[in-house]
>>> print(open('structure-v4.pdb').read())   # PDB, C-alpha atoms and all ligand atoms
ATOM      1  CA  MET D 283      79.935 136.015 117.250  1.00  0.00           C
ATOM      2  CA  THR D 284      81.455 133.951 120.059  1.00  0.00           C
ATOM      3  CA  SER D 285      85.101 132.959 119.760  1.00  0.00           C
ATOM      4  CA  ASP D 286      84.343 129.266 119.119  1.00  0.00           C
ATOM      5  CA  GLU D 287      82.096 129.937 116.094  1.00  0.00           C
ATOM      6  CA  PRO D 288      83.682 129.009 112.740  1.00  0.00           C
ATOM      7  CA  THR D 289      85.357 131.895 110.936  1.00  0.00           C
ATOM      8  CA  THR D 290      85.496 130.168 107.526  1.00  0.00           C
ATOM      9  CA  PRO D 291      84.209 132.713 104.947  1.00  0.00           C
ATOM     10  CA  THR D 292      80.635 132.114 103.801  1.00  0.00           C
ATOM     11  CA  GLY D 293      80.481 134.843 101.147  1.00  0.00           C
ATOM     12  CA  GLY D 294      77.393 136.173 102.933  1.00  0.00           C
ATOM     13  CA  ASN D 295      75.340 133.059 102.114  1.00  0.00           C
ATOM     14  CA  PRO D 296      72.941 132.510 105.051  1.00  0.00           C
ATOM     15  CA  TYR D 297      72.654 128.756 104.408  1.00  0.00           C
ATOM     16  CA  LEU D 298      76.424 128.281 104.565  1.00  0.00           C
ATOM     17  CA  LYS D 299      76.557 130.182 107.835  1.00  0.00           C
ATOM     18  CA  ARG D 300      73.928 127.830 109.265  1.00  0.00           C
ATOM     19  CA  ALA D 301      75.642 124.765 107.743  1.00  0.00           C
ATOM     20  CA  TYR D 302      78.823 125.426 109.721  1.00  0.00           C
ATOM     21  CA  GLY D 303      76.818 125.492 112.968  1.00  0.00           C
ATOM     22  CA  LEU D 304      75.065 122.120 112.566  1.00  0.00           C
ATOM     23  CA  ARG D 305      74.865 119.890 115.624  1.00  0.00           C
ATOM     24  CA  GLY D 306      74.803 116.319 114.383  1.00  0.00           C
ATOM     25  CA  PRO D 307      72.920 114.073 111.939  1.00  0.00           C
ATOM     26  CA  ASP D 308      69.325 115.019 112.899  1.00  0.00           C
ATOM     27  CA  ASP D 309      70.116 118.701 112.570  1.00  0.00           C
ATOM     28  CA  ALA D 310      71.902 118.039 109.246  1.00  0.00           C
ATOM     29  CA  ARG D 311      68.950 116.048 107.839  1.00  0.00           C
ATOM     30  CA  GLU D 312      66.471 118.816 108.598  1.00  0.00           C
ATOM     31  CA  PHE D 313      68.776 121.597 107.402  1.00  0.00           C
ATOM     32  CA  TYR D 314      69.800 119.982 104.100  1.00  0.00           C
ATOM     33  CA  ASP D 315      66.220 118.940 103.322  1.00  0.00           C
ATOM     34  CA  GLU D 316      65.439 122.660 103.512  1.00  0.00           C
ATOM     35  CA  TRP D 317      68.469 123.766 101.435  1.00  0.00           C
ATOM     36  CA  ALA D 318      68.255 121.005  98.770  1.00  0.00           C
ATOM     37  CA  ALA D 319      66.283 122.970  96.155  1.00  0.00           C
ATOM     38  CA  GLU D 320      68.678 125.952  96.199  1.00  0.00           C
ATOM     39  CA  TYR D 321      71.953 124.213  97.052  1.00  0.00           C
ATOM     40  CA  ASP D 322      73.379 123.849  93.531  1.00  0.00           C
ATOM     41  CA  ALA D 323      72.562 127.407  92.507  1.00  0.00           C
ATOM     42  CA  ASP D 324      73.934 128.801  95.779  1.00  0.00           C
ATOM     43  CA  LEU D 325      77.279 127.023  95.508  1.00  0.00           C
ATOM     44  CA  ALA D 326      77.913 126.765  91.788  1.00  0.00           C
ATOM     45  CA  ASP D 327      77.731 130.498  91.113  1.00  0.00           C
ATOM     46  CA  ASP D 328      80.924 132.507  90.560  1.00  0.00           C
ATOM     47  CA  ALA D 329      80.619 134.180  93.955  1.00  0.00           C
ATOM     48  CA  GLN D 330      81.239 130.884  95.790  1.00  0.00           C
ATOM     49  CA  GLY D 331      83.075 129.013  93.042  1.00  0.00           C
ATOM     50  CA  TYR D 332      82.521 125.570  94.579  1.00  0.00           C
ATOM     51  CA  VAL D 333      85.231 123.732  92.661  1.00  0.00           C
ATOM     52  CA  ALA D 334      85.721 120.866  95.128  1.00  0.00           C
ATOM     53  CA  PRO D 335      83.437 118.305  93.413  1.00  0.00           C
ATOM     54  CA  GLU D 336      85.206 118.703  90.051  1.00  0.00           C
ATOM     55  CA  LEU D 337      88.687 118.658  91.618  1.00  0.00           C
ATOM     56  CA  ALA D 338      87.912 115.600  93.742  1.00  0.00           C
ATOM     57  CA  ALA D 339      86.428 113.711  90.774  1.00  0.00           C
ATOM     58  CA  GLU D 340      89.510 114.569  88.735  1.00  0.00           C
ATOM     59  CA  THR D 341      91.719 113.298  91.581  1.00  0.00           C
ATOM     60  CA  LEU D 342      89.782 110.051  91.900  1.00  0.00           C
ATOM     61  CA  VAL D 343      90.027 109.297  88.192  1.00  0.00           C
ATOM     62  CA  ARG D 344      93.756 110.086  88.264  1.00  0.00           C
ATOM     63  CA  VAL D 345      94.474 107.693  91.144  1.00  0.00           C
ATOM     64  CA  ALA D 346      91.867 104.964  90.507  1.00  0.00           C
ATOM     65  CA  GLY D 347      90.900 105.195  86.820  1.00  0.00           C
ATOM     66  CA  THR D 348      87.356 104.986  85.461  1.00  0.00           C
ATOM     67  CA  GLY D 349      86.634 101.239  85.596  1.00  0.00           C
ATOM     68  CA  VAL D 350      85.860 101.333  89.295  1.00  0.00           C
ATOM     69  CA  THR D 351      82.883 100.962  91.616  1.00  0.00           C
ATOM     70  CA  VAL D 352      82.696 104.085  93.761  1.00  0.00           C
ATOM     71  CA  LEU D 353      80.838 105.071  96.919  1.00  0.00           C
ATOM     72  CA  ASP D 354      80.059 108.792  97.073  1.00  0.00           C
ATOM     73  CA  ALA D 355      79.723 109.362 100.831  1.00  0.00           C
ATOM     74  CA  GLY D 356      77.667 112.463 101.649  1.00  0.00           C
ATOM     75  CA  CYS D 357      76.631 112.687  98.005  1.00  0.00           C
ATOM     76  CA  GLY D 358      74.252 115.621  98.505  1.00  0.00           C
ATOM     77  CA  THR D 359      72.561 116.725  95.285  1.00  0.00           C
ATOM     78  CA  GLY D 360      74.955 114.654  93.191  1.00  0.00           C
ATOM     79  CA  LEU D 361      77.540 117.210  92.044  1.00  0.00           C
ATOM     80  CA  VAL D 362      80.314 114.652  92.613  1.00  0.00           C
ATOM     81  CA  GLY D 363      78.450 111.795  90.929  1.00  0.00           C
ATOM     82  CA  ALA D 364      77.781 113.990  87.909  1.00  0.00           C
ATOM     83  CA  ALA D 365      81.460 115.006  87.748  1.00  0.00           C
ATOM     84  CA  LEU D 366      82.552 111.354  87.973  1.00  0.00           C
ATOM     85  CA  ALA D 367      80.028 110.227  85.345  1.00  0.00           C
ATOM     86  CA  GLN D 368      81.180 113.007  83.037  1.00  0.00           C
ATOM     87  CA  ARG D 369      84.701 111.560  83.301  1.00  0.00           C
ATOM     88  CA  GLY D 370      83.508 108.048  82.417  1.00  0.00           C
ATOM     89  CA  VAL D 371      83.097 106.435  85.846  1.00  0.00           C
ATOM     90  CA  GLY D 372      80.155 104.092  85.371  1.00  0.00           C
ATOM     91  CA  VAL D 373      79.244 102.618  88.749  1.00  0.00           C
ATOM     92  CA  ILE D 374      78.564 105.104  91.516  1.00  0.00           C
ATOM     93  CA  ASP D 375      76.531 104.546  94.687  1.00  0.00           C
ATOM     94  CA  GLY D 376      75.590 107.462  96.895  1.00  0.00           C
ATOM     95  CA  VAL D 377      74.659 107.790 100.561  1.00  0.00           C
ATOM     96  CA  ASP D 378      73.536 110.855 102.468  1.00  0.00           C
ATOM     97  CA  VAL D 379      71.634 111.698 105.644  1.00  0.00           C
ATOM     98  CA  SER D 380      69.173 114.007 103.830  1.00  0.00           C
ATOM     99  CA  PRO D 381      66.330 112.501 101.760  1.00  0.00           C
ATOM    100  CA  GLY D 382      65.839 115.905 100.124  1.00  0.00           C
ATOM    101  CA  MET D 383      69.426 115.948  98.862  1.00  0.00           C
ATOM    102  CA  LEU D 384      69.163 112.288  97.742  1.00  0.00           C
ATOM    103  CA  GLU D 385      66.089 113.149  95.681  1.00  0.00           C
ATOM    104  CA  ARG D 386      68.125 115.779  93.809  1.00  0.00           C
ATOM    105  CA  ALA D 387      70.977 113.309  93.327  1.00  0.00           C
ATOM    106  CA  ARG D 388      68.524 110.806  91.826  1.00  0.00           C
ATOM    107  CA  ALA D 389      67.541 113.380  89.201  1.00  0.00           C
ATOM    108  CA  THR D 390      71.157 113.529  87.911  1.00  0.00           C
ATOM    109  CA  GLY D 391      70.896 109.918  86.675  1.00  0.00           C
ATOM    110  CA  ALA D 392      74.551 109.427  87.630  1.00  0.00           C
ATOM    111  CA  TYR D 393      74.044 106.892  90.434  1.00  0.00           C
ATOM    112  CA  ARG D 394      73.412 103.134  90.496  1.00  0.00           C
ATOM    113  CA  SER D 395      71.892 103.374  93.962  1.00  0.00           C
ATOM    114  CA  LEU D 396      71.124 106.106  96.478  1.00  0.00           C
ATOM    115  CA  GLU D 397      70.436 105.339 100.122  1.00  0.00           C
ATOM    116  CA  PRO D 398      69.924 107.314 103.314  1.00  0.00           C
ATOM    117  CA  ALA D 399      72.786 106.788 105.792  1.00  0.00           C
ATOM    118  CA  ASP D 400      74.429 108.483 108.754  1.00  0.00           C
ATOM    119  CA  LEU D 401      78.190 108.657 108.241  1.00  0.00           C
ATOM    120  CA  THR D 402      78.856 109.213 111.944  1.00  0.00           C
ATOM    121  CA  ARG D 403      77.985 105.521 112.398  1.00  0.00           C
ATOM    122  CA  PRO D 404      79.164 102.333 110.674  1.00  0.00           C
ATOM    123  CA  LEU D 405      77.262 101.536 107.456  1.00  0.00           C
ATOM    124  CA  PRO D 406      75.572  98.125 106.969  1.00  0.00           C
ATOM    125  CA  THR D 407      77.689  97.623 103.807  1.00  0.00           C
ATOM    126  CA  PRO D 408      80.198  94.703 103.854  1.00  0.00           C
ATOM    127  CA  ALA D 409      83.924  95.418 104.077  1.00  0.00           C
ATOM    128  CA  ASP D 410      85.893  95.846 100.818  1.00  0.00           C
ATOM    129  CA  ALA D 411      82.676  96.526  98.851  1.00  0.00           C
ATOM    130  CA  TYR D 412      84.139  99.397  96.806  1.00  0.00           C
ATOM    131  CA  ASP D 413      87.175 100.081  94.642  1.00  0.00           C
ATOM    132  CA  ALA D 414      87.076 103.674  95.841  1.00  0.00           C
ATOM    133  CA  VAL D 415      85.273 105.998  98.247  1.00  0.00           C
ATOM    134  CA  ILE D 416      84.907 109.703  97.571  1.00  0.00           C
ATOM    135  CA  CYS D 417      83.645 112.235 100.119  1.00  0.00           C
ATOM    136  CA  VAL D 418      83.374 115.932  99.307  1.00  0.00           C
ATOM    137  CA  GLY D 419      82.179 118.809 101.469  1.00  0.00           C
ATOM    138  CA  THR D 420      81.094 116.562 104.311  1.00  0.00           C
ATOM    139  CA  LEU D 421      84.200 116.479 106.535  1.00  0.00           C
ATOM    140  CA  THR D 422      83.737 120.012 107.799  1.00  0.00           C
ATOM    141  CA  HIS D 423      82.442 122.125 110.708  1.00  0.00           C
ATOM    142  CA  GLY D 424      79.296 120.631 112.278  1.00  0.00           C
ATOM    143  CA  HIS D 425      79.011 117.722 109.823  1.00  0.00           C
ATOM    144  CA  VAL D 426      80.907 114.409 109.931  1.00  0.00           C
ATOM    145  CA  GLY D 427      83.960 113.906 112.146  1.00  0.00           C
ATOM    146  CA  PRO D 428      87.229 112.043 111.574  1.00  0.00           C
ATOM    147  CA  GLU D 429      85.722 108.714 112.708  1.00  0.00           C
ATOM    148  CA  ALA D 430      84.292 108.358 109.185  1.00  0.00           C
ATOM    149  CA  LEU D 431      87.779 107.889 107.724  1.00  0.00           C
ATOM    150  CA  ALA D 432      88.159 104.429 109.312  1.00  0.00           C
ATOM    151  CA  GLU D 433      84.772 103.474 107.874  1.00  0.00           C
ATOM    152  CA  PHE D 434      85.836 104.665 104.393  1.00  0.00           C
ATOM    153  CA  VAL D 435      88.947 102.489 104.685  1.00  0.00           C
ATOM    154  CA  ARG D 436      86.868  99.481 105.819  1.00  0.00           C
ATOM    155  CA  LEU D 437      84.551  99.868 102.813  1.00  0.00           C
ATOM    156  CA  THR D 438      87.435 100.067 100.304  1.00  0.00           C
ATOM    157  CA  ARG D 439      89.112  96.903  99.008  1.00  0.00           C
ATOM    158  CA  PRO D 440      92.856  96.571  99.652  1.00  0.00           C
ATOM    159  CA  GLY D 441      94.700  98.680  97.073  1.00  0.00           C
ATOM    160  CA  GLY D 442      91.613 100.841  96.481  1.00  0.00           C
ATOM    161  CA  ALA D 443      91.529 104.599  96.959  1.00  0.00           C
ATOM    162  CA  ILE D 444      89.860 107.019  99.345  1.00  0.00           C
ATOM    163  CA  VAL D 445      89.578 110.622  98.147  1.00  0.00           C
ATOM    164  CA  ALA D 446      88.123 113.091 100.655  1.00  0.00           C
ATOM    165  CA  THR D 447      88.099 116.839 101.005  1.00  0.00           C
ATOM    166  CA  VAL D 448      88.632 118.092 104.553  1.00  0.00           C
ATOM    167  CA  LEU D 449      88.066 121.802 105.082  1.00  0.00           C
ATOM    168  CA  ASP D 450      91.545 123.156 105.797  1.00  0.00           C
ATOM    169  CA  ASP D 451      90.303 125.065 108.861  1.00  0.00           C
ATOM    170  CA  VAL D 452      89.446 121.777 110.599  1.00  0.00           C
ATOM    171  CA  TRP D 453      92.155 119.472 109.182  1.00  0.00           C
ATOM    172  CA  GLU D 454      94.194 119.735 112.384  1.00  0.00           C
ATOM    173  CA  SER D 455      91.758 121.235 114.888  1.00  0.00           C
ATOM    174  CA  GLY D 456      89.000 118.746 114.031  1.00  0.00           C
ATOM    175  CA  GLY D 457      91.288 115.729 114.480  1.00  0.00           C
ATOM    176  CA  TYR D 458      91.308 114.597 110.814  1.00  0.00           C
ATOM    177  CA  ARG D 459      95.075 114.782 110.536  1.00  0.00           C
ATOM    178  CA  ALA D 460      95.514 112.802 113.768  1.00  0.00           C
ATOM    179  CA  GLU D 461      93.020 110.159 112.591  1.00  0.00           C
ATOM    180  CA  THR D 462      94.853 109.896 109.249  1.00  0.00           C
ATOM    181  CA  ASP D 463      98.123 109.351 111.122  1.00  0.00           C
ATOM    182  CA  ARG D 464      96.436 106.737 113.334  1.00  0.00           C
ATOM    183  CA  LEU D 465      95.147 104.782 110.319  1.00  0.00           C
ATOM    184  CA  VAL D 466      98.576 104.865 108.693  1.00  0.00           C
ATOM    185  CA  ASP D 467     100.308 103.808 111.933  1.00  0.00           C
ATOM    186  CA  ALA D 468      97.781 100.981 112.360  1.00  0.00           C
ATOM    187  CA  GLY D 469      98.773  99.703 108.906  1.00  0.00           C
ATOM    188  CA  VAL D 470      95.255  99.867 107.436  1.00  0.00           C
ATOM    189  CA  ALA D 471      95.912 102.777 105.070  1.00  0.00           C
ATOM    190  CA  GLU D 472      98.741 104.445 103.200  1.00  0.00           C
ATOM    191  CA  LEU D 473      98.852 108.225 102.884  1.00  0.00           C
ATOM    192  CA  VAL D 474      99.256 109.220  99.236  1.00  0.00           C
ATOM    193  CA  SER D 475      98.791 112.975  99.703  1.00  0.00           C
ATOM    194  CA  ALA D 476      96.942 115.649 101.658  1.00  0.00           C
ATOM    195  CA  ASP D 477      97.632 118.731  99.568  1.00  0.00           C
ATOM    196  CA  VAL D 478      95.961 122.080 100.078  1.00  0.00           C
ATOM    197  CA  THR D 479      93.524 122.680  97.217  1.00  0.00           C
ATOM    198  CA  PRO D 480      90.949 125.315  96.228  1.00  0.00           C
ATOM    199  CA  TYR D 481      87.517 124.472  97.659  1.00  0.00           C
ATOM    200  CA  ARG D 482      85.200 127.486  97.372  1.00  0.00           C
ATOM    201  CA  SER D 483      87.542 129.471  95.215  1.00  0.00           C
ATOM    202  CA  GLY D 484      85.271 132.531  94.935  1.00  0.00           C
ATOM    203  CA  VAL D 485      85.811 133.327  98.605  1.00  0.00           C
ATOM    204  CA  GLY D 486      89.318 131.902  99.001  1.00  0.00           C
ATOM    205  CA  VAL D 487      88.334 128.865 101.079  1.00  0.00           C
ATOM    206  CA  GLU D 488      90.731 125.910 100.831  1.00  0.00           C
ATOM    207  CA  ALA D 489      90.626 122.238 101.781  1.00  0.00           C
ATOM    208  CA  ARG D 490      92.947 119.279 102.055  1.00  0.00           C
ATOM    209  CA  MET D 491      92.494 116.838  99.193  1.00  0.00           C
ATOM    210  CA  LEU D 492      93.162 113.709 101.235  1.00  0.00           C
ATOM    211  CA  VAL D 493      94.142 110.654  99.199  1.00  0.00           C
ATOM    212  CA  LEU D 494      94.597 107.315 100.965  1.00  0.00           C
ATOM    213  CA  THR D 495      95.148 103.771  99.732  1.00  0.00           C
ATOM    214  CA  ALA D 496      93.417 101.022 101.709  1.00  0.00           C
ATOM    215  CA  ARG D 497      95.639  98.132 102.790  1.00  0.00           C
TER     216      ARG D 497
HETATM  217  C1  LIG D 501      78.194 120.512 101.775  1.00  0.00           C
HETATM  218  S1  LIG D 501      77.176 119.140 101.377  1.00  0.00           S
HETATM  219  C2  LIG D 501      78.226 118.256 100.225  1.00  0.00           C
HETATM  220  C3  LIG D 501      77.407 117.442  99.261  1.00  0.00           C
HETATM  221  C4  LIG D 501      78.163 116.948  98.037  1.00  0.00           C
HETATM  222  N1  LIG D 501      79.157 115.965  98.371  1.00  0.00           N
HETATM  223  C5  LIG D 501      78.795 118.120  97.326  1.00  0.00           C
HETATM  224  O1  LIG D 501      80.027 118.210  97.286  1.00  0.00           O
HETATM  225  O2  LIG D 501      78.049 118.950  96.799  1.00  0.00           O
HETATM  226  C6  LIG D 501      77.316 118.122 102.820  1.00  0.00           C
HETATM  227  C7  LIG D 501      76.454 116.890 102.739  1.00  0.00           C
HETATM  228  O3  LIG D 501      76.708 116.075 103.884  1.00  0.00           O
HETATM  229  C8  LIG D 501      75.510 115.481 104.279  1.00  0.00           C
HETATM  230  N2  LIG D 501      75.641 115.087 105.691  1.00  0.00           N
HETATM  231  C9  LIG D 501      75.772 115.882 106.765  1.00  0.00           C
HETATM  232  N3  LIG D 501      75.877 115.143 107.876  1.00  0.00           N
HETATM  233  C10 LIG D 501      75.811 113.840 107.465  1.00  0.00           C
HETATM  234  C11 LIG D 501      75.850 112.579 108.141  1.00  0.00           C
HETATM  235  N4  LIG D 501      75.977 112.502 109.477  1.00  0.00           N
HETATM  236  N5  LIG D 501      75.764 111.456 107.419  1.00  0.00           N
HETATM  237  C12 LIG D 501      75.620 111.503 106.055  1.00  0.00           C
HETATM  238  N6  LIG D 501      75.574 112.663 105.360  1.00  0.00           N
HETATM  239  C13 LIG D 501      75.663 113.801 106.074  1.00  0.00           C
HETATM  240  C14 LIG D 501      74.461 116.543 104.040  1.00  0.00           C
HETATM  241  O4  LIG D 501      73.149 116.042 103.977  1.00  0.00           O
HETATM  242  C15 LIG D 501      74.951 117.162 102.730  1.00  0.00           C
HETATM  243  O5  LIG D 501      74.356 116.554 101.624  1.00  0.00           O
END
>>> encode(input="structure-v4.pdb", output="structure tokens")
Amino acid sequence: MTSDEPTTPTGGNPYLKRAYGLRGPDDAREFYDEWAAEYDADLADDAQGYVAPELAAETLVRVAGTGVTVLDAGCGTGLVGAALAQRGVGVIDGVDVSPGMLERARATGAYRSLEPADLTRPLPTPADAYDAVICVGTLTHGHVGPEALAEFVRLTRPGGAIVATVLDDVWESGGYRAETDRLVDAGVAELVSADVTPYRSGVGVEARMLVLTAR
């Protein structure tokens, strides 16, 4: 292993090891299309203990309530949408770069709409379209960089909430903390919290649970 390869524990899962080495949206699309069928089983087992979707959904409902229209950015197979729906959130749209993951998300029945989209670029969606944006597991090594945070703020109506997990290993080194500070300094967002939270609890991996209010 070279010194610049991620050292975040993978619990020996070969897909996770590959996931942390992705090189942009095209790579991500191809990789997640391949992983889609096994993704839920690989992450939901006790060995990985992927608790982030449940914890993020719980956080969103706490800060925004259930009567909200939510964008699930990087929705994957729909673990977050299912967790939100289970808590009574009725209107959830999902976007993801991988058609294979979107197909799985569709099968959950939790989403109003599901569309392919690349979160490293601006979305065609109008500003202030959502009461809240949630993004779980996607702000991490080799996936989507801090530039997406400004887009999440643009898509959220003033007073609405952004809830995003950022893998703790990249919170500072990946520029997410600096981008959060920039958005707050620019007056477009308010920082509610960025607490360390369990993420893949089976292997001791933590994330920041970033909560912002759009202004
Ligand atoms: C670890 S999965 C998380 C999925 C889901 N949110 C969850 O918590 O289970 C990361 C997701 O990010 C998506 N992704 C990676 N790069 C992306 C990009 N540039 N634009 C949109 N989605 C992307 C992948 O297709 C994958 O579904």
>>> residues_near_ligand(input="structure-v4.pdb", ligand="ligand LIG 501 (chain D)", cutoff="7 Å", atoms="only C-alpha atoms and all ligand atoms", output="PyMOL selection string")
chain D and resi 306-307+310-311+314+334-335+355-362+377-380+383+399-402+417-420+425-426
>>> atom_distance(input="structure-v4.pdb", atom1="atom CA of D:Ile444", atom2="atom CA of D:Ala430")
11.4 Å
>>> resolve_selection(input="structure-v4.pdb", expression="the PyMOL selection byres (((chain D and resi 324) around 12) and not hetatm)", output="JSON, numbers by chain")
{"D": [292, 293, 294, 295, 296, 297, 298, 317, 318, 319, 320, 321, 322, 323, 325, 326, 327, 328, 329, 330, 331, 332, 482, 484]}
>>> closest_residue(input="structure-v4.pdb", among="D:Asp410, D:Glu461, D:Glu397, D:Asp451", to="D:Pro428", atoms="all atoms listed in the file")
D:Glu461
>>> closest_residue(input="structure-v4.pdb", among="D:Leu366, D:Ala446, D:Leu396, D:Leu405", to="D:Tyr458", atoms="only C-alpha atoms")
D:Ala446
>>> atom_distance(input="structure-v4.pdb", atom1="atom CA of D:Ala411", atom2="atom CA of D:Val343")
18.2 Å
>>> residues_around(input="structure-v4.pdb", residues="D:Asp375", least_positions_apart="2", cutoff="7 Å", atoms="all atoms listed in the file", output="PDB file with C-alpha atoms, in the coordinates of the input")
ATOM      1  CA  VAL D 352      82.696 104.085  93.761  1.00  0.00           C
ATOM      2  CA  LEU D 353      80.838 105.071  96.919  1.00  0.00           C
ATOM      3  CA  ASP D 354      80.059 108.792  97.073  1.00  0.00           C
ATOM      4  CA  VAL D 373      79.244 102.618  88.749  1.00  0.00           C
ATOM      5  CA  VAL D 377      74.659 107.790 100.561  1.00  0.00           C
ATOM      6  CA  TYR D 393      74.044 106.892  90.434  1.00  0.00           C
ATOM      7  CA  ARG D 394      73.412 103.134  90.496  1.00  0.00           C
ATOM      8  CA  SER D 395      71.892 103.374  93.962  1.00  0.00           C
ATOM      9  CA  LEU D 396      71.124 106.106  96.478  1.00  0.00           C
TER      10      LEU D 396
END
>>> atom_distance(input="structure-v4.pdb", atom1="atom CA of D:Gly363", atom2="atom CA of D:Ala392")
5.6 Å
>>> closest_residue(input="structure-v4.pdb", among="D:Ala367, D:Ile416, D:Leu449, D:Ala432", to="D:Pro480", atoms="all atoms listed in the file")
D:Leu449
>>> residues_around(input="structure-v4.pdb", residues="D:Ser475", least_positions_apart="6", cutoff="9 Å", atoms="all atoms listed in the file", output="PyMOL selection string")
chain D and resi 490-494
>>> closest_residue(input="structure-v4.pdb", among="D:Gly486, D:Pro381, D:Gly469, D:Thr447", to="D:Ala338", atoms="all atoms listed in the file")
D:Thr447
>>> axis_aligned_box(input="structure-v4.pdb", around="stretch 290-304 of chain D", padding_each_side="5 Å", output="JSON")
{"center_x": 79.1, "center_y": 129.1, "center_z": 107.1, "size_x": 22.8, "size_y": 24.1, "size_z": 21.8}
>>> residues_near_point(input="structure-v4.pdb", point="(79.9, 97.4, 106.3)", cutoff="12 Å", atoms="all atoms listed in the file", output="list in words")
Ala399, Leu401, Arg403, Pro404, Leu405, Pro406, Thr407, Pro408, Ala409, Asp410, Ala411, Tyr412, Ala432, Glu433, Phe434, Val435, Arg436, Leu437, Thr438 and Arg439 of chain D
>>> closest_residue(input="structure-v4.pdb", among="D:Pro291, D:Gly382, D:Gly427, D:Gly441", to="D:Val474", atoms="only C-alpha atoms")
D:Gly441
>>> closest_residue(input="structure-v4.pdb", among="D:Ala339, D:Ala389, D:Val448, D:Leu473", to="D:Leu421", atoms="all atoms listed in the file")
D:Val448
>>> resolve_selection(input="structure-v4.pdb", expression="the PyMOL selection byres (((chain D and resi 350) around 7) and not hetatm)", output="PDB file with C-alpha atoms, in the frame of the given file")
ATOM      1  CA  GLY D 347      90.900 105.195  86.820  1.00  0.00           C
ATOM      2  CA  THR D 348      87.356 104.986  85.461  1.00  0.00           C
ATOM      3  CA  GLY D 349      86.634 101.239  85.596  1.00  0.00           C
ATOM      4  CA  THR D 351      82.883 100.962  91.616  1.00  0.00           C
ATOM      5  CA  VAL D 352      82.696 104.085  93.761  1.00  0.00           C
ATOM      6  CA  VAL D 371      83.097 106.435  85.846  1.00  0.00           C
ATOM      7  CA  VAL D 373      79.244 102.618  88.749  1.00  0.00           C
ATOM      8  CA  ASP D 413      87.175 100.081  94.642  1.00  0.00           C
TER       9      ASP D 413
END
>>> residues_around(input="structure-v4.pdb", residues="D:Gly424", least_positions_apart="4", cutoff="9 Å", atoms="only C-alpha atoms", output="number ranges by chain")
D: 301-306, 310
>>> write_last_selection(input="structure-v4.pdb", atoms="C-alpha atoms", output="short mmCIF file (atom, residue, chain, number, x, y, z; two decimals), in the frame of the given file")
data_model
loop_
_atom_site.label_atom_id
_atom_site.label_comp_id
_atom_site.auth_asym_id
_atom_site.auth_seq_id
_atom_site.Cartn_x
_atom_site.Cartn_y
_atom_site.Cartn_z
CA ALA D 301 75.64 124.76 107.74
CA TYR D 302 78.82 125.43 109.72
CA GLY D 303 76.82 125.49 112.97
CA LEU D 304 75.06 122.12 112.57
CA ARG D 305 74.86 119.89 115.62
CA GLY D 306 74.80 116.32 114.38
CA ALA D 310 71.90 118.04 109.25
#
